[in-house]
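> To be precise about what I am sending: the file is called start_1.cif and holds mmCIF, C-alpha atoms.
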```cif
data_entry
#
loop_
_atom_site.label_atom_id
_atom_site.label_comp_id
_atom_site.auth_asym_id
_atom_site.auth_seq_id
_atom_site.Cartn_x
_atom_site.Cartn_y
_atom_site.Cartn_z
CA MET A 246 27.94 72.23 86.99
CA THR A 247 28.00 70.68 83.51
CA ALA A 248 26.04 68.06 81.58
CA GLU A 249 29.23 66.34 80.48
CA LEU A 250 30.52 65.51 83.96
CA THR A 251 28.78 63.96 86.94
CA GLU A 252 29.02 65.56 90.37
CA LYS A 253 31.50 62.87 91.43
CA GLU A 254 33.68 63.48 88.36
CA ILE A 255 33.67 67.22 89.04
CA LYS A 256 34.76 66.64 92.65
CA THR A 257 37.54 64.29 91.51
CA LEU A 258 38.72 66.87 88.99
CA LEU A 259 38.71 69.74 91.50
CA ASP A 260 40.55 67.61 94.07
CA LYS A 261 43.43 67.35 91.61
CA LEU A 262 44.06 71.11 91.60
CA PRO A 263 45.62 71.25 95.11
CA GLN A 264 47.57 68.07 94.23
CA LEU A 265 48.93 69.84 91.17
CA LYS A 266 50.21 72.71 93.29
CA ASN A 267 51.78 70.28 95.77
CA GLU A 268 53.69 68.54 92.99
CA ILE A 269 55.10 71.85 91.74
CA GLN A 270 56.13 72.74 95.30
CA LYS A 271 58.29 69.63 95.46
CA VAL A 272 60.73 71.65 93.34
CA ILE A 273 59.71 75.28 93.84
CA VAL A 274 60.27 76.72 97.31
CA GLY A 275 57.80 79.41 98.40
CA GLN A 276 56.27 81.60 95.64
CA ASP A 277 52.83 80.51 96.87
CA HIS A 278 50.83 83.36 95.37
CA ILE A 279 52.84 83.13 92.14
CA LEU A 280 51.80 79.50 91.70
CA ASP A 281 48.19 80.40 92.49
CA GLU A 282 48.18 83.11 89.82
CA LEU A 283 49.75 80.77 87.26
CA LEU A 284 47.17 78.08 87.95
CA VAL A 285 44.38 80.67 87.76
CA ALA A 286 45.62 81.83 84.35
CA PHE A 287 45.86 78.24 83.16
CA LEU A 288 42.30 77.45 84.30
CA ALA A 289 41.09 80.65 82.63
CA GLY A 290 42.80 79.63 79.38
CA GLY A 291 45.04 82.71 79.17
CA HIS A 292 48.73 83.52 78.84
CA CYS A 293 51.13 84.98 81.41
CA LEU A 294 54.06 87.34 81.41
CA LEU A 295 56.50 86.69 84.27
CA GLU A 296 58.72 89.57 85.27
CA GLY A 297 61.66 89.22 87.63
CA VAL A 298 65.42 89.54 87.91
CA PRO A 299 67.59 86.55 86.92
CA GLY A 300 67.87 83.61 89.30
CA LEU A 301 64.33 83.65 90.73
CA ALA A 302 63.34 80.30 89.14
CA LYS A 303 61.03 81.70 86.45
CA THR A 304 62.12 79.05 83.95
CA LEU A 305 62.11 76.29 86.58
CA ILE A 306 58.53 77.12 87.62
CA VAL A 307 57.29 76.74 84.04
CA LYS A 308 59.25 73.54 83.40
CA THR A 309 58.04 71.95 86.66
CA MET A 310 54.48 72.98 85.92
CA SER A 311 54.61 71.25 82.53
CA GLN A 312 55.88 68.04 84.17
CA ALA A 313 52.97 68.05 86.64
CA LEU A 314 50.48 68.71 83.82
CA LYS A 315 51.47 65.84 81.50
CA LEU A 316 51.66 68.19 78.53
CA ALA A 317 54.07 68.82 75.66
CA PHE A 318 56.54 71.52 76.69
CA ARG A 319 58.88 73.59 74.51
CA ARG A 320 61.27 76.32 75.51
CA ILE A 321 62.13 79.10 73.05
CA GLN A 322 65.11 81.26 73.97
CA PHE A 323 64.39 84.64 72.40
CA THR A 324 67.48 86.34 70.97
CA PRO A 325 68.04 89.41 68.74
CA ASP A 326 68.61 87.20 65.67
CA LEU A 327 65.52 84.99 66.13
CA MET A 328 63.22 85.03 63.09
CA PRO A 329 59.43 84.41 63.01
CA THR A 330 59.96 81.17 61.06
CA ASP A 331 62.19 79.94 63.90
CA ILE A 332 59.17 79.73 66.18
CA VAL A 333 56.24 79.23 63.78
CA GLY A 334 57.90 76.84 61.36
CA THR A 335 58.76 76.88 57.67
CA GLU A 336 58.21 74.99 54.43
CA ILE A 337 60.85 72.53 53.30
CA LEU A 338 61.26 70.99 49.86
CA GLU A 339 60.76 67.22 49.83
CA GLU A 340 60.79 64.60 47.11
CA ASP A 341 58.47 61.63 46.64
CA HIS A 342 60.95 58.80 45.98
CA ALA A 343 58.29 56.72 44.18
CA THR A 344 57.34 59.34 41.60
CA GLY A 345 60.28 61.74 41.79
CA LYS A 346 57.83 64.61 42.27
CA ARG A 347 58.94 67.46 44.51
CA PHE A 348 56.64 69.29 46.90
CA PHE A 349 56.74 71.71 49.81
CA LYS A 350 55.89 70.42 53.27
CA PHE A 351 55.25 72.61 56.32
CA ASN A 352 57.69 71.78 59.09
CA LYS A 353 56.10 72.85 62.39
CA GLY A 354 58.14 75.03 64.74
CA PRO A 355 58.41 74.87 68.54
CA LEU A 356 55.19 76.87 68.89
CA PHE A 357 53.29 73.61 68.28
CA ALA A 358 53.19 72.37 71.88
CA ASN A 359 50.87 72.76 74.88
CA ILE A 360 53.09 74.88 77.12
CA ILE A 361 55.51 77.35 75.54
CA LEU A 362 58.18 79.08 77.58
CA ALA A 363 59.07 82.27 75.70
CA ASP A 364 62.25 83.03 77.61
CA GLU A 365 63.36 86.69 77.67
CA ILE A 366 60.74 87.73 75.14
CA ASN A 367 61.93 91.35 75.23
CA ARG A 368 65.30 90.35 73.73
CA THR A 369 63.88 89.64 70.28
CA PRO A 370 62.83 92.25 67.66
CA PRO A 371 59.16 93.31 67.21
CA LYS A 372 58.84 91.27 64.00
CA THR A 373 59.39 88.04 65.92
CA GLN A 374 57.39 89.21 68.94
CA SER A 375 54.41 89.88 66.68
CA ALA A 376 54.58 86.32 65.35
CA LEU A 377 53.22 85.29 68.74
CA LEU A 378 50.16 87.56 68.48
CA GLU A 379 48.03 85.37 66.24
CA ALA A 380 48.98 82.27 68.20
CA MET A 381 48.10 83.90 71.52
CA GLN A 382 44.78 85.31 70.40
CA GLU A 383 43.51 82.89 67.75
CA PHE A 384 45.25 79.66 68.86
CA GLU A 385 46.40 79.11 65.29
CA VAL A 386 49.19 80.20 62.95
CA THR A 387 49.11 81.07 59.27
CA TYR A 388 51.95 80.29 56.86
CA GLY A 389 51.85 80.50 53.08
CA GLY A 390 48.10 81.16 53.10
CA GLN A 391 47.44 77.96 55.07
CA THR A 392 46.09 77.99 58.64
CA TYR A 393 47.40 75.47 61.16
CA PRO A 394 45.52 75.02 64.46
CA LEU A 395 47.60 74.74 67.63
CA ASP A 396 47.24 71.93 70.13
CA LYS A 397 44.91 72.52 73.06
CA PRO A 398 45.30 73.40 75.83
CA PHE A 399 47.74 76.07 74.67
CA PHE A 400 49.53 78.24 77.20
CA ILE A 401 52.31 80.78 76.61
CA LEU A 402 54.46 81.77 79.55
CA ALA A 403 56.81 84.60 78.64
CA THR A 404 59.57 85.93 80.88
CA GLN A 405 61.39 89.23 80.89
CA ASN A 406 64.08 90.87 82.99
CA PRO A 407 62.90 94.32 84.22
CA ILE A 408 66.30 95.74 85.17
CA GLU A 409 68.51 95.16 82.13
CA GLN A 410 67.25 97.27 79.24
CA ALA A 411 70.36 97.33 77.00
CA GLY A 412 69.71 95.47 73.77
CA THR A 413 66.05 94.81 74.54
CA TYR A 414 62.84 95.56 72.65
CA PRO A 415 60.04 96.52 75.09
CA LEU A 416 56.74 94.84 74.29
CA PRO A 417 54.18 97.23 72.73
CA GLU A 418 50.96 97.86 74.65
CA ALA A 419 48.87 95.92 72.10
CA GLN A 420 50.91 92.79 72.73
CA LEU A 421 51.04 93.29 76.50
CA ASP A 422 47.23 93.38 76.49
CA ARG A 423 47.19 89.86 75.01
CA PHE A 424 48.66 88.51 78.26
CA LEU A 425 45.93 87.66 80.73
CA LEU A 426 48.20 88.36 83.71
CA LEU A 427 51.48 90.11 84.42
CA ILE A 428 53.05 88.29 87.35
CA LYS A 429 55.93 89.88 89.23
CA ILE A 430 58.34 87.54 91.00
CA GLY A 431 60.23 88.96 93.97
CA TYR A 432 63.10 87.75 96.11
CA PRO A 433 62.47 84.87 98.54
CA THR A 434 62.09 85.35 102.29
CA ASP A 435 64.89 84.47 104.72
CA LYS A 436 63.45 81.01 105.43
CA GLU A 437 62.67 80.33 101.77
CA GLU A 438 66.20 81.23 100.73
CA PHE A 439 67.61 78.86 103.36
CA ASP A 440 65.35 76.07 102.05
CA ILE A 441 66.42 76.79 98.46
CA LEU A 442 70.11 76.57 99.35
CA ASN A 443 69.58 73.46 101.46
CA ARG A 444 67.46 71.68 98.87
CA THR A 445 69.35 72.48 95.68
CA THR A 446 72.97 71.83 96.71
CA GLY A 447 72.61 68.18 97.73
CA ILE A 448 72.18 64.91 95.88
CA GLN A 449 68.43 64.52 96.30
CA LYS A 450 66.24 65.29 93.31
CA ALA A 451 62.47 65.72 93.48
CA ASP A 452 60.35 63.38 91.41
CA VAL A 453 57.44 65.34 89.93
CA GLN A 454 54.42 63.22 89.03
CA ALA A 455 51.96 64.11 86.26
CA ILE A 456 48.63 64.88 87.93
CA ILE A 457 46.26 66.19 85.23
CA THR A 458 45.85 65.23 81.58
CA ALA A 459 45.12 67.57 78.68
CA GLU A 460 41.49 66.38 78.57
CA GLU A 461 40.99 67.09 82.28
CA ILE A 462 42.48 70.56 81.89
CA GLN A 463 40.01 71.39 79.13
CA GLN A 464 37.18 70.09 81.33
CA ALA A 465 38.36 72.34 84.17
CA GLN A 466 38.57 75.31 81.79
CA ALA A 467 34.97 74.65 80.74
CA LEU A 468 33.92 74.57 84.42
CA VAL A 469 35.45 77.99 85.02
CA ARG A 470 33.00 79.58 82.60
CA GLN A 471 30.11 78.13 84.60
CA VAL A 472 31.16 79.54 87.97
CA ASN A 473 28.49 81.96 89.16
CA ILE A 474 29.09 85.69 89.51
CA ASN A 475 26.47 88.06 90.89
CA GLU A 476 25.40 90.91 88.58
CA ASP A 477 26.33 93.38 91.32
CA LEU A 478 29.88 92.04 91.17
CA VAL A 479 29.93 92.37 87.38
CA ARG A 480 28.87 95.99 87.83
CA TYR A 481 31.59 96.38 90.48
CA VAL A 482 34.22 95.11 88.03
CA SER A 483 32.93 97.53 85.40
CA GLN A 484 33.26 100.42 87.87
CA ILE A 485 36.85 99.44 88.67
CA ILE A 486 37.83 99.25 84.99
CA ARG A 487 36.08 102.48 84.00
CA SER A 488 37.64 104.26 86.96
CA THR A 489 41.13 103.57 85.56
CA ARG A 490 40.44 105.84 82.56
CA PRO A 491 41.28 109.53 83.03
CA ASP A 492 38.44 110.69 80.77
CA THR A 493 35.64 108.76 82.58
CA THR A 494 36.92 108.47 86.14
CA THR A 495 35.60 110.33 89.17
CA VAL A 496 38.76 109.57 91.15
CA PRO A 497 41.04 112.67 91.24
CA TYR A 498 44.40 110.90 91.45
CA ILE A 499 43.65 108.83 88.33
CA LYS A 500 43.55 112.09 86.36
CA GLU A 501 46.78 113.08 88.12
CA TRP A 502 48.78 109.83 87.64
CA VAL A 503 47.34 107.85 84.72
CA ARG A 504 47.97 108.46 81.03
CA TRP A 505 45.82 105.61 79.64
CA GLY A 506 43.41 103.34 81.48
CA ALA A 507 42.43 99.72 80.97
CA GLY A 508 40.20 98.60 78.09
CA PRO A 509 37.22 96.21 78.07
CA ARG A 510 39.56 93.20 77.77
CA ALA A 511 40.74 93.98 81.30
CA GLY A 512 37.18 93.57 82.62
CA GLN A 513 36.80 90.26 80.82
CA ALA A 514 40.13 89.11 82.24
CA LEU A 515 39.20 90.17 85.77
CA ILE A 516 35.88 88.31 85.76
CA LEU A 517 37.35 85.19 84.17
CA THR A 518 40.33 85.01 86.54
CA ALA A 519 38.08 85.69 89.55
CA LYS A 520 35.96 82.72 88.47
CA ALA A 521 39.08 80.57 88.08
CA ARG A 522 40.35 81.60 91.51
CA ALA A 523 36.98 80.74 93.08
CA LEU A 524 37.14 77.28 91.49
CA LEU A 525 40.75 76.84 92.66
CA LYS A 526 39.55 77.62 96.19
CA GLY A 527 36.76 75.04 95.89
CA ARG A 528 33.88 77.50 95.37
CA TYR A 529 31.27 77.73 92.62
CA ALA A 530 30.63 81.45 93.11
CA VAL A 531 32.84 84.56 92.91
CA LEU A 532 33.43 86.65 96.04
CA PRO A 533 34.79 90.23 96.23
CA GLU A 534 38.08 88.81 97.57
CA ASP A 535 38.59 86.98 94.25
CA ILE A 536 38.22 90.23 92.33
CA HIS A 537 40.56 92.10 94.69
CA ALA A 538 43.24 89.39 94.49
CA MET A 539 43.21 89.22 90.70
CA ALA A 540 42.91 92.98 90.08
CA TYR A 541 46.66 93.50 90.56
CA PRO A 542 48.04 91.05 87.95
CA VAL A 543 45.18 91.89 85.56
CA LEU A 544 45.63 95.69 85.66
CA ARG A 545 49.41 95.83 86.22
CA HIS A 546 50.25 95.97 82.50
CA ARG A 547 47.04 97.63 81.32
CA ILE A 548 47.32 100.95 83.18
CA LEU A 549 49.89 103.32 81.69
CA MET A 550 51.32 105.80 84.16
CA ASN A 551 52.18 109.36 83.12
CA PHE A 552 55.51 111.13 83.62
CA LYS A 553 54.43 112.71 86.91
CA ALA A 554 53.58 109.30 88.40
CA GLU A 555 56.87 107.81 87.22
CA ALA A 556 58.79 110.72 88.71
CA GLU A 557 57.03 110.15 92.04
CA ASP A 558 57.55 106.37 91.80
CA ILE A 559 53.80 105.71 91.66
CA THR A 560 53.13 102.27 90.13
CA SER A 561 50.01 100.76 88.58
CA ASP A 562 49.77 98.47 91.63
CA ARG A 563 49.43 101.57 93.80
CA VAL A 564 46.61 102.80 91.54
CA THR A 565 44.84 99.44 91.85
CA GLU A 566 45.23 99.50 95.63
CA GLU A 567 43.69 102.96 95.85
CA LEU A 568 40.81 102.02 93.54
CA ILE A 569 39.93 99.01 95.71
CA LYS A 570 39.82 101.32 98.73
CA VAL A 571 37.75 104.04 97.08
CA ILE A 572 35.18 102.20 94.96
CA GLU A 573 32.22 101.08 97.02
CA ARG A 574 31.66 97.35 97.18
CA PRO A 575 28.22 95.85 96.55
CA LYS A 576 26.34 96.11 99.87
CA ALA A 577 24.48 92.82 99.44
CA LEU A 578 27.82 90.99 99.39
#
```
Represent the structure contained in this file as structure tokens.

Amino acid sequence: MTAELTEKEIKTLLDKLPQLKNEIQKVIVGQDHILDELLVAFLAGGHCLLEGVPGLAKTLIVKTMSQALKLAFRRIQFTPDLMPTDIVGTEILEEDHATGKRFFKFNKGPLFANIILADEINRTPPKTQSALLEAMQEFEVTYGGQTYPLDKPFFILATQNPIEQAGTYPLPEAQLDRFLLLIKIGYPTDKEEFDILNRTTGIQKADVQAIITAEEIQQAQALVRQVNINEDLVRYVSQIIRSTRPDTTTVPYIKEWVRWGAGPRAGQALILTAKARALLKGRYAVLPEDIHAMAYPVLRHRILMNFKAEAEDITSDRVTEELIKVIERPKAL
């Protein structure tokens, strides 16, 4: 797969991925597909937006994941009074005691870590939200004309509450597009809820072991890029993305329900996450099932529904479901 790793080293690395999930599940009950999507995003080197009502362990998932990854973790609680310098950092005046000379030194903010939990990101004003944009896209921050690279791997996990809109600042579409995936967390099943109550109200505490180092994560991210995808599947992805746009689609209900379709970044995200999912499943080639599975979290925040669709309670997930049914799959596959 790569000149840098032997076949045995690659196998050892890939064997650690299921172990990583098992460690997280020592603490997190259920949420199987949520964990898969998070790991896919991490392997693909992208950022995630987690959406769910309070109490569904969004913060706990991220914290547990950072423990199993042996990476520096910082949590930023976004509030209406949070300023950009509170997350990026600021210059402080220091004095050289030997010479008495004063100088400004950049004091790094909590953004300088491997895994950042941006908790309730929609509670902070746009000025602070936009401070994340450069970090998310360029993996660096600029302050006072000086550029500071961020540590790698770098992964932002933002959370937001979809039901409470008072005092919130909805993320603009340009910033939503920077998130590789939008992951929706739902309520647990009957059995899962029983296990949660049984496990979290006693004296036992799970011991999460660190499974993968930062270097191994970067090696895995490099492997993702080398996973094979057939040109017919690339064309299939292109058809799906182009079909989401009202002005180029041949699907009638897209013109009826959709205001704006997905851009080219959505196609890149779909191919990259499909490759990461294939690798997570132990394969070196993408299958149509990988594309179908990842289409929902990739397109969820990139398709804007019109007023008619909202009035009829038609969601972007419904649009994605219909597109998968309608668009013809490559026959050779």
> Can you list every residue of segment 420-487 of chain A that has an atom at most 12 Å from segment 249-271 of chain A, with its nearest atom pair and the distance in Å to one decimal, using all atoms listed in the file, ordered by chain then number, as CSV?

```
residue,atom,partner,partner_atom,distance
A:Glu437,CA,A:Gln270,CA,11.9
A:Asp440,CA,A:Lys271,CA,11.6
A:Ile441,CA,A:Lys271,CA,11.2
A:Arg444,CA,A:Lys271,CA,10.0
A:Thr445,CA,A:Lys271,CA,11.4
A:Gln449,CA,A:Lys271,CA,11.4
A:Lys450,CA,A:Lys271,CA,9.3
A:Ala451,CA,A:Lys271,CA,6.1
A:Asp452,CA,A:Lys271,CA,7.7
A:Val453,CA,A:Glu268,CA,5.8
A:Gln454,CA,A:Glu268,CA,6.7
A:Ala455,CA,A:Leu265,CA,8.1
A:Ile456,CA,A:Leu265,CA,5.9
A:Ile457,CA,A:Lys261,CA,7.1
A:Thr458,CA,A:Leu258,CA,10.4
A:Glu460,CA,A:Leu258,CA,10.8
A:Glu461,CA,A:Leu258,CA,7.1
A:Ile462,CA,A:Leu258,CA,8.8
A:Gln463,CA,A:Leu258,CA,10.9
A:Gln464,CA,A:Leu258,CA,8.5
A:Ala465,CA,A:Leu258,CA,7.3
A:Gln466,CA,A:Leu258,CA,11.1
A:Ala467,CA,A:Glu249,CA,10.1
A:Leu468,CA,A:Ile255,CA,8.7
A:Val469,CA,A:Leu259,CA,11.0
```
> Write the selection just made, keeping C-alpha atoms, as a PDB file, in the frame of the given file?

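The result, stored in again.pdb:
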```pdb
ATOM      1  CA  GLU A 437      62.670  80.330 101.770  1.00  0.00           C
ATOM      2  CA  ASP A 440      65.350  76.070 102.050  1.00  0.00           C
ATOM      3  CA  ILE A 441      66.420  76.790  98.460  1.00  0.00           C
ATOM      4  CA  ARG A 444      67.460  71.680  98.870  1.00  0.00           C
ATOM      5  CA  THR A 445      69.350  72.480  95.680  1.00  0.00           C
ATOM      6  CA  GLN A 449      68.430  64.520  96.300  1.00  0.00           C
ATOM      7  CA  LYS A 450      66.240  65.290  93.310  1.00  0.00           C
ATOM      8  CA  ALA A 451      62.470  65.720  93.480  1.00  0.00           C
ATOM      9  CA  ASP A 452      60.350  63.380  91.410  1.00  0.00           C
ATOM     10  CA  VAL A 453      57.440  65.340  89.930  1.00  0.00           C
ATOM     11  CA  GLN A 454      54.420  63.220  89.030  1.00  0.00           C
ATOM     12  CA  ALA A 455      51.960  64.110  86.260  1.00  0.00           C
ATOM     13  CA  ILE A 456      48.630  64.880  87.930  1.00  0.00           C
ATOM     14  CA  ILE A 457      46.260  66.190  85.230  1.00  0.00           C
ATOM     15  CA  THR A 458      45.850  65.230  81.580  1.00  0.00           C
ATOM     16  CA  GLU A 460      41.490  66.380  78.570  1.00  0.00           C
ATOM     17  CA  GLU A 461      40.990  67.090  82.280  1.00  0.00           C
ATOM     18  CA  ILE A 462      42.480  70.560  81.890  1.00  0.00           C
ATOM     19  CA  GLN A 463      40.010  71.390  79.130  1.00  0.00           C
ATOM     20  CA  GLN A 464      37.180  70.090  81.330  1.00  0.00           C
ATOM     21  CA  ALA A 465      38.360  72.340  84.170  1.00  0.00           C
ATOM     22  CA  GLN A 466      38.570  75.310  81.790  1.00  0.00           C
ATOM     23  CA  ALA A 467      34.970  74.650  80.740  1.00  0.00           C
ATOM     24  CA  LEU A 468      33.920  74.570  84.420  1.00  0.00           C
ATOM     25  CA  VAL A 469      35.450  77.990  85.020  1.00  0.00           C
TER      26      VAL A 469
END
```
> For each of A:Arg547, A:Lys350, A:His278, A:His537, take the minimum atom-to-atom distance to Glu567 of chain A, counting only C-alpha atoms, then give the residue where this is smallest.
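Ranking A:Arg547, A:Lys350, A:His278, A:His537 by distance to Glu567 of chain A, first place goes to A:His537.
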> Please evaluate the PyMOL selection byres ((chain A and resi 566) around 12) against the structure above and give the resulting residues as a PyMOL selection string.
chain A and resi 485+489+499+537-542+544-545+559-565+567-572
> For this file, the PyMOL selection byres ((chain A and resi 306) around 12) selects which residues, as an MDAnalysis selection string?
chainID A and resid 266 268:277 279:281 283:284 295 300:305 307:313 362 402:404 430
> Using all atoms listed in the file, which of the listed residues (A:Arg480, A:Lys526, A:Lys315, A:Arg320) sits closest to Ile366 of chain A?
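Ranking A:Arg480, A:Lys526, A:Lys315, A:Arg320 by distance to Ile366 of chain A, first place goes to A:Arg320.
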> From the options A:Asn551, A:Leu421, A:Gly291, A:Phe323, which residue's atoms come nearest to Glu383 of chain A, counting only C-alpha atoms?
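So, comparing all the options, the nearest one is A:Gly291.
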> With distances taken over all atoms listed in the file, which of A:Thr495, A:Gln382, A:Thr387, A:Thr330 is nearest to Arg510 of chain A?
A:Gln382
> Enter the distance from atom CA of Pro371 of chain A to atom CA of Tyr414 of chain A, in Å, rounded to one decimal.
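Separation between atom CA of Pro371 of chain A and atom CA of Tyr414 of chain A: 6.9 Å.
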> For Leu395 of chain A, which residue among A:Ile516, A:Leu442, A:Val285, A:Ala380 is the nearest when counting all atoms listed in the file?
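The answer is A:Ala380, which sits nearest to Leu395 of chain A.
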> Kindly extract all protein, DNA and RNA residues lying within 12 Å of the coordinates (27.3, 94.2, 98.3) given in the file, considering all atoms listed in the file, and supply them as a short mmCIF file (atom, residue, chain, number, x, y, z; two decimals) with C-alpha atoms, keeping the file's coordinate frame.

```
data_model
loop_
_atom_site.label_atom_id
_atom_site.label_comp_id
_atom_site.auth_asym_id
_atom_site.auth_seq_id
_atom_site.Cartn_x
_atom_site.Cartn_y
_atom_site.Cartn_z
CA ASN A 475 26.47 88.06 90.89
CA GLU A 476 25.40 90.91 88.58
CA ASP A 477 26.33 93.38 91.32
CA LEU A 478 29.88 92.04 91.17
CA VAL A 479 29.93 92.37 87.38
CA ARG A 480 28.87 95.99 87.83
CA TYR A 481 31.59 96.38 90.48
CA LEU A 532 33.43 86.65 96.04
CA PRO A 533 34.79 90.23 96.23
CA ILE A 572 35.18 102.20 94.96
CA GLU A 573 32.22 101.08 97.02
CA ARG A 574 31.66 97.35 97.18
CA PRO A 575 28.22 95.85 96.55
CA LYS A 576 26.34 96.11 99.87
CA ALA A 577 24.48 92.82 99.44
CA LEU A 578 27.82 90.99 99.39
#
```
> Just want the 10 Å neighbourhood of Pro370 of chain A, counted on all atoms listed in the file, with same-chain residues fewer than 4 positions away dropped. Output as a compact mmCIF listing (two decimals) with C-alpha atoms, in the frame of the given file.

```txt
# COMPACT_ATOMS: atom_id res chain seq x y z
CA PHE A 323 64.39 84.64 72.40
CA THR A 324 67.48 86.34 70.97
CA PRO A 325 68.04 89.41 68.74
CA ASP A 326 68.61 87.20 65.67
CA LEU A 327 65.52 84.99 66.13
CA MET A 328 63.22 85.03 63.09
CA PRO A 329 59.43 84.41 63.01
CA ILE A 366 60.74 87.73 75.14
CA GLN A 374 57.39 89.21 68.94
CA SER A 375 54.41 89.88 66.68
CA GLY A 412 69.71 95.47 73.77
CA THR A 413 66.05 94.81 74.54
CA TYR A 414 62.84 95.56 72.65
CA PRO A 415 60.04 96.52 75.09
CA LEU A 416 56.74 94.84 74.29
```
> On this file, the PyMOL selection byres ((chain A and resi 425) around 9) gives some set of residues; write that set as a PDB file with C-alpha atoms, keeping the file's coordinate frame.

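Final file, part-v3.pdb:
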```
ATOM      1  CA  ALA A 286      45.620  81.830  84.350  1.00  0.00           C
ATOM      2  CA  ALA A 289      41.090  80.650  82.630  1.00  0.00           C
ATOM      3  CA  GLY A 290      42.800  79.630  79.380  1.00  0.00           C
ATOM      4  CA  GLY A 291      45.040  82.710  79.170  1.00  0.00           C
ATOM      5  CA  HIS A 292      48.730  83.520  78.840  1.00  0.00           C
ATOM      6  CA  CYS A 293      51.130  84.980  81.410  1.00  0.00           C
ATOM      7  CA  LEU A 294      54.060  87.340  81.410  1.00  0.00           C
ATOM      8  CA  LEU A 421      51.040  93.290  76.500  1.00  0.00           C
ATOM      9  CA  ASP A 422      47.230  93.380  76.490  1.00  0.00           C
ATOM     10  CA  ARG A 423      47.190  89.860  75.010  1.00  0.00           C
ATOM     11  CA  PHE A 424      48.660  88.510  78.260  1.00  0.00           C
ATOM     12  CA  LEU A 426      48.200  88.360  83.710  1.00  0.00           C
ATOM     13  CA  LEU A 427      51.480  90.110  84.420  1.00  0.00           C
ATOM     14  CA  ARG A 510      39.560  93.200  77.770  1.00  0.00           C
ATOM     15  CA  ALA A 511      40.740  93.980  81.300  1.00  0.00           C
ATOM     16  CA  ALA A 514      40.130  89.110  82.240  1.00  0.00           C
ATOM     17  CA  LEU A 515      39.200  90.170  85.770  1.00  0.00           C
ATOM     18  CA  THR A 518      40.330  85.010  86.540  1.00  0.00           C
ATOM     19  CA  PRO A 542      48.040  91.050  87.950  1.00  0.00           C
ATOM     20  CA  VAL A 543      45.180  91.890  85.560  1.00  0.00           C
TER      21      VAL A 543
END
```
> Have a look at atom CA of Pro417 of chain A and atom CA of Tyr498 of chain A and let me know their distance in Å, one decimal.
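Atom CA of Tyr498 of chain A lies 25.2 Å from atom CA of Pro417 of chain A.
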> Can you work out which one of A:Leu517, A:Ile548, A:Ala363, A:Ala459 has the shortest atom-to-atom distance to Ser488 of chain A, counting all atoms listed in the file?
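Of A:Leu517, A:Ile548, A:Ala363, A:Ala459, the one nearest Ser488 of chain A, counting all atoms listed in the file, is A:Ile548.
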> Do you know which residues are at most 10 Å from Phe399 of chain A counting all atoms listed in the file, after dropping those on the same chain fewer than 6 positions away, and could you put them as a list in words?
Phe287, Gly290, Gly291, His292, Leu316, Ala317, Leu356, Phe357, Ala358, Asn359, Ile360, Ile361, Ala380, Met381, Phe384, Glu385 and Ala459 of chain A
> What gap, in Å, lies between atom CA of Ile337 of chain A and atom CA of Phe351 of chain A?
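So the answer is 6.4 Å.
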> First collect every listed atom of segment 450-464 of chain A; then fit an axis-aligned box around them, widen it by 3 Å on each side, and give centre and edge lengths in Å to one decimal, as AutoDock Vina command-line options.

```
--center_x 51.7 --center_y 67.3 --center_z 86.0 --size_x 35.1 --size_y 14.2 --size_z 20.9
```
> Show me, as a list in words, the residues that have an atom within 7 Å of Gly334 of chain A when counting all atoms listed in the file, minus same-chain residues fewer than 6 positions from it.
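Listing them by chain and then by number gives Asn352, Lys353 and Gly354 of chain A.
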> Which residues are close to Lys553 of chain A, i.e. within 12 Å by all atoms listed in the file, leaving aside same-chain residues fewer than 3 positions away? Reply as a PyMOL selection string.
chain A and resi 498-504+549-550+556-560
